[in-house]
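Raw contents of entry.txt, compact mmCIF, C-alpha atoms and all ligand atoms:
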# COMPACT_ATOMS: atom_id res chain seq x y z
CA MET A 1 0.77 17.37 -11.63
CA ILE A 2 0.86 14.13 -9.68
CA GLN A 3 2.83 11.36 -11.38
CA TYR A 4 3.45 7.79 -10.37
CA LYS A 5 5.45 4.81 -11.47
CA CYS A 6 5.34 1.19 -10.37
CA PHE A 7 8.48 -0.83 -9.57
CA ILE A 8 8.15 -4.55 -8.94
CA THR A 9 10.28 -5.48 -5.95
CA GLY A 10 11.28 -8.66 -4.13
CA GLY A 11 10.50 -12.33 -4.53
CA MET A 12 6.76 -11.83 -4.02
CA GLU A 13 6.71 -9.34 -6.91
CA THR A 14 5.30 -6.54 -4.82
CA ASN A 15 4.18 -3.36 -6.52
CA THR A 16 6.23 -0.54 -5.03
CA TYR A 17 4.90 2.84 -6.11
CA LEU A 18 6.75 6.08 -6.46
CA VAL A 19 4.40 9.09 -6.40
CA TRP A 20 5.75 12.55 -7.06
CA CYS A 21 4.85 16.14 -7.77
CA GLY A 22 7.65 18.50 -8.70
CA ALA A 23 10.72 17.26 -6.84
CA SER A 24 8.77 15.86 -3.87
CA ALA A 25 8.26 12.11 -3.86
CA VAL A 26 6.69 9.44 -1.68
CA VAL A 27 7.36 5.70 -1.82
CA ILE A 28 4.48 3.32 -1.10
CA ASP A 29 5.34 -0.22 0.05
CA PRO A 30 9.06 -0.61 -0.64
CA GLY A 31 9.01 -4.41 -0.73
CA ALA A 32 12.74 -4.81 -1.16
CA LYS A 33 15.75 -2.67 -1.97
CA SER A 34 15.58 -1.76 -5.64
CA THR A 35 18.39 -0.32 -7.72
CA ALA A 36 15.88 0.53 -10.46
CA LEU A 37 13.86 2.62 -8.00
CA ALA A 38 16.95 4.27 -6.51
CA SER A 39 18.38 5.20 -9.90
CA PHE A 40 15.02 6.54 -11.12
CA ILE A 41 14.75 8.73 -8.02
CA SER A 42 18.24 10.14 -8.46
CA GLY A 43 17.91 10.40 -12.24
CA GLN A 44 14.76 12.52 -11.91
CA GLY A 45 16.28 14.60 -9.12
CA LEU A 46 13.50 13.61 -6.71
CA SER A 47 13.63 13.84 -2.97
CA VAL A 48 11.70 11.17 -1.04
CA CYS A 49 9.95 12.84 1.90
CA ALA A 50 7.99 9.85 3.24
CA VAL A 51 7.36 6.12 3.01
CA LEU A 52 3.72 5.02 3.25
CA LEU A 53 2.88 1.42 4.12
CA THR A 54 -0.44 -0.18 3.20
CA HIS A 55 0.28 -2.91 5.76
CA GLY A 56 3.12 -4.61 7.58
CA HIS A 57 3.82 -7.81 5.67
CA PHE A 58 7.47 -8.55 4.91
CA ASP A 59 6.98 -8.19 1.18
CA HIS A 60 5.83 -4.57 1.63
CA ILE A 61 8.41 -3.39 4.17
CA GLY A 62 11.68 -5.09 3.16
CA GLY A 63 13.06 -1.98 1.45
CA VAL A 64 12.09 0.60 4.09
CA SER A 65 15.64 0.87 5.44
CA ALA A 66 16.82 2.26 2.09
CA PHE A 67 15.05 5.53 2.95
CA SER A 68 15.88 7.96 5.73
CA CYS A 69 12.51 9.67 6.01
CA PRO A 70 9.36 9.29 8.13
CA VAL A 71 7.42 6.05 7.68
CA TYR A 72 3.63 6.11 7.98
CA ALA A 73 1.48 3.06 8.74
CA CYS A 74 -1.81 2.30 10.44
CA GLY A 75 -1.70 2.40 14.24
CA ALA A 76 -3.49 -0.96 14.21
CA GLU A 77 -0.54 -2.47 12.33
CA THR A 78 2.06 -1.79 15.02
CA ALA A 79 2.16 -5.38 16.28
CA LEU A 80 2.91 -6.74 12.82
CA LEU A 81 5.53 -4.12 12.10
CA GLN A 82 7.38 -4.94 15.28
CA ASN A 83 7.14 -8.74 15.17
CA PRO A 84 8.93 -10.80 12.49
CA ALA A 85 6.70 -13.82 13.21
CA LEU A 86 3.54 -11.77 12.61
CA ASN A 87 4.84 -9.92 9.55
CA LEU A 88 6.10 -13.25 8.19
CA SER A 89 9.66 -12.04 7.59
CA ALA A 90 10.90 -14.57 10.16
CA TYR A 91 9.97 -17.37 7.77
CA PHE A 92 12.01 -15.96 4.91
CA GLY A 93 15.32 -15.67 6.73
CA LEU A 94 15.32 -11.87 6.80
CA PRO A 95 13.61 -10.78 10.03
CA GLU A 96 12.31 -7.22 9.71
CA THR A 97 11.04 -4.86 12.35
CA ILE A 98 9.87 -1.29 11.99
CA THR A 99 9.67 0.39 15.35
CA ASP A 100 9.44 4.09 14.56
CA SER A 101 6.49 4.40 12.20
CA ILE A 102 4.10 7.32 12.52
CA PRO A 103 0.62 5.89 13.24
CA VAL A 104 -2.26 6.93 11.00
CA GLN A 105 -5.93 6.05 11.18
CA GLU A 106 -9.19 6.28 9.28
CA GLY A 107 -9.86 9.79 8.01
CA ASP A 108 -6.33 11.11 8.47
CA VAL A 109 -4.81 13.30 5.81
CA ILE A 110 -1.06 12.91 5.47
CA ASP A 111 -0.02 16.35 4.33
CA LEU A 112 3.34 16.24 2.56
CA GLU A 113 3.07 19.49 0.64
CA PRO A 114 2.46 19.36 -2.30
CA LEU A 115 1.36 15.72 -1.90
CA SER A 116 -1.62 15.00 0.33
CA PHE A 117 -2.86 11.45 0.98
CA SER A 118 -6.17 10.48 2.59
CA VAL A 119 -6.22 7.34 4.72
CA LEU A 120 -8.95 4.71 4.54
CA HIS A 121 -8.73 2.01 7.18
CA THR A 122 -9.63 -1.23 5.36
CA PRO A 123 -8.99 -4.12 7.76
CA GLY A 124 -9.29 -7.75 6.71
CA HIS A 125 -6.08 -8.82 4.97
CA THR A 126 -4.46 -7.61 8.21
CA ALA A 127 -6.00 -5.64 11.08
CA GLY A 128 -4.10 -2.50 10.13
CA SER A 129 -4.42 -2.59 6.34
CA VAL A 130 -5.10 0.83 4.85
CA CYS A 131 -5.69 2.32 1.42
CA TYR A 132 -4.33 5.70 0.39
CA GLN A 133 -6.13 8.16 -1.89
CA ILE A 134 -4.55 10.98 -3.83
CA GLY A 135 -5.73 12.76 -6.99
CA GLY A 136 -7.86 9.96 -8.46
CA LEU A 137 -5.38 7.25 -7.45
CA LEU A 138 -6.36 4.57 -4.93
CA PHE A 139 -3.51 2.47 -3.50
CA THR A 140 -5.14 -0.67 -2.17
CA GLY A 141 -2.23 -2.80 -0.93
CA ASP A 142 -3.30 -6.42 -0.52
CA THR A 143 -6.96 -5.53 0.16
CA LEU A 144 -8.26 -5.20 -3.41
CA PHE A 145 -6.58 -6.65 -6.50
CA CYS A 146 -7.53 -6.61 -10.16
CA GLY A 147 -10.16 -9.35 -10.14
CA GLY A 148 -9.27 -10.50 -6.64
CA ALA A 149 -8.81 -9.73 -2.98
CA GLY A 150 -6.22 -10.37 -0.30
CA ARG A 151 -6.06 -13.59 1.67
CA THR A 152 -7.15 -13.60 5.28
CA ASP A 153 -5.34 -16.64 6.70
CA PHE A 154 -2.29 -14.79 8.03
CA PRO A 155 -2.05 -13.30 11.56
CA THR A 156 -4.75 -10.67 12.25
CA GLY A 157 -6.55 -11.53 8.98
CA ASN A 158 -10.35 -11.54 9.13
CA SER A 159 -12.56 -12.51 6.22
CA ALA A 160 -15.70 -10.76 7.49
CA ALA A 161 -13.72 -7.56 7.97
CA LEU A 162 -12.22 -7.89 4.49
CA HIS A 163 -15.69 -8.30 3.01
CA ARG A 164 -16.85 -5.11 4.72
CA SER A 165 -13.75 -3.26 3.55
CA LEU A 166 -14.18 -4.37 -0.07
CA ASN A 167 -17.83 -3.34 -0.05
CA ARG A 168 -16.84 -0.01 1.33
CA LEU A 169 -14.21 0.53 -1.37
CA ILE A 170 -16.57 -0.21 -4.23
CA THR A 171 -19.06 2.34 -2.92
CA LEU A 172 -16.54 5.16 -3.09
CA ASN A 173 -17.92 7.92 -5.27
CA GLY A 174 -16.58 8.40 -8.76
CA GLU A 175 -13.86 6.70 -10.71
CA TRP A 176 -10.56 5.69 -9.17
CA ARG A 177 -7.45 4.17 -10.69
CA VAL A 178 -6.81 1.17 -8.43
CA LEU A 179 -3.13 0.49 -7.75
CA PRO A 180 -2.87 -2.80 -5.87
CA GLY A 181 0.03 -4.35 -3.97
CA HIS A 182 0.45 -7.11 -6.56
CA GLY A 183 -0.57 -7.59 -10.17
CA GLU A 184 -2.09 -5.30 -12.74
CA GLU A 185 -3.63 -1.92 -12.06
CA THR A 186 -7.35 -1.57 -12.68
CA LEU A 187 -10.27 0.84 -12.39
CA LEU A 188 -12.75 0.88 -9.54
CA SER A 189 -15.63 0.78 -12.04
CA ARG A 190 -14.20 -2.42 -13.51
CA GLU A 191 -13.90 -4.03 -10.06
CA ARG A 192 -17.45 -2.95 -9.17
CA ALA A 193 -18.68 -4.76 -12.26
CA HIS A 194 -16.44 -7.82 -12.47
CA ASN A 195 -14.62 -8.59 -9.21
CA PRO A 196 -16.12 -11.81 -7.82
CA PHE A 197 -15.20 -10.82 -4.27
CA VAL A 198 -17.42 -7.74 -4.35
CA CYS A 199 -20.29 -8.82 -6.60
ZN ZN B 201 0.06 -8.77 2.61
ZN ZN B 202 1.76 -8.52 -0.47

Would it be possible to restate this file's structure as structure tokens?
Amino acid sequence: MIQYKCFITGGMETNTYLVWCGASAVVIDPGAKSTALASFISGQGLSVCAVLLTHGHFDHIGGVSAFSCPVYACGAETALLQNPALNLSAYFGLPETITDSIPVQEGDVIDLEPLSFSVLHTPGHTAGSVCYQIGGLLFTGDTLFCGGAGRTDFPTGNSAALHRSLNRLITLNGEWRVLPGHGEETLLSRERAHNPFVC
């Protein structure tokens, strides 16, 4: 059975998700080092086999160095990951670069037996923003929020692209539990009906 738990990390209150099945775990968007996350992982006897990034902003990558495992991110996000001015970390006094991520793209399946994540490329908030799907869960990063959507005024942001990405997400078949990069979780059916950015 796939389980998940949200840990709020860093000054931007980023949702960092731990997803696990058996003893195998994946961390999505470690925004900052978190003792709560680290002690939960060790307390449950979990082994983190990968870090998945929805995009390269500083508030989603600041805790990556706490993990010694492969890091996956969109190939279109490489510039942000490698440039503290583009990923905004330069402006918060903690310049971050991630130079060894494994590039993923639309349609990829990240197979981390027994966990398997599908990649949706959803540009707009940044050029290399992605969503990850696994077992009825949809991790949307800063693309889709409960009742909102990501801003597009940072480097590589594009409001027309974001609009296309949001419209694509709401046409996904079936029900999905939406787990955004900030704020409350929601359901895709609720966002289809009530989110002003997709109506
Ligand atoms: Zn962001
Ligand atoms: Zn964010």

**OP:** For ligand ZN 201 (chain B), list the contacting residues at 12 Å or closer, counting all atoms listed in the file, as a PyMOL selection string.
**Re:** chain A and resi 12-15+29+31+53-61+77+80-81+86-89+123-130+140-145+149-157+180-182

Subject >> Selected residue, from A:Gly63, A:Phe7, A:Gln82, A:Gly183, that lies nearest to ligand ZN 202 (chain B) when counting all atoms listed in the file >> reply: A:Gly183

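The residue that comes closest to A:Thr9, out of A:Leu138, A:Leu37, A:Leu52, A:Val119 and on the basis of all atoms listed in the file, is A:Leu37.
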
Subject >> Within 9 Å of A:Leu112 using all atoms listed in the file, minus same-chain residues under 6 positions, as number ranges by chain >> reply: A: 24, 26, 49-50

**OP:** Pick out the closest residue to A:Ala23 from this set: A:Ile2, A:Cys131, A:Ile102, A:Ala73. Count all atoms listed in the file.
**Re:** A:Ile2

**OP:** Rounded to one decimal place, report the atom CA of A:Ala25-atom CA of A:Leu166 distance in Å.
**Re:** 28.1 Å

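Picture a line from atom CA of A:Gly62 to atom CA of A:Asp111; it runs 24.5 Å.
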
Subject >> Length of the atom CA of A:Val71 to atom CA of A:Pro103 vector [Å] >> reply: 8.8 Å

Subject >> Among listed residues A:Thr171, A:Asn83, A:Thr16, A:Ser101, nearest ligand ZN 202 (chain B) (using only C-alpha atoms and all ligand atoms) >> reply: A:Thr16

Original post:
Could you list as a ChimeraX atom specification every residue that has an atom within 7 Å of (10.7, 8.0, -5.7), using the file's coordinates and counting only C-alpha atoms?
Top reply: /A:18-20,25-27,37,41,46,48

**OP:** Using all atoms listed in the file, find the one residue out of A:Val51, A:Leu188, A:Ala36, A:Leu137 that sits nearest to A:Ile110.
**Re:** A:Val51
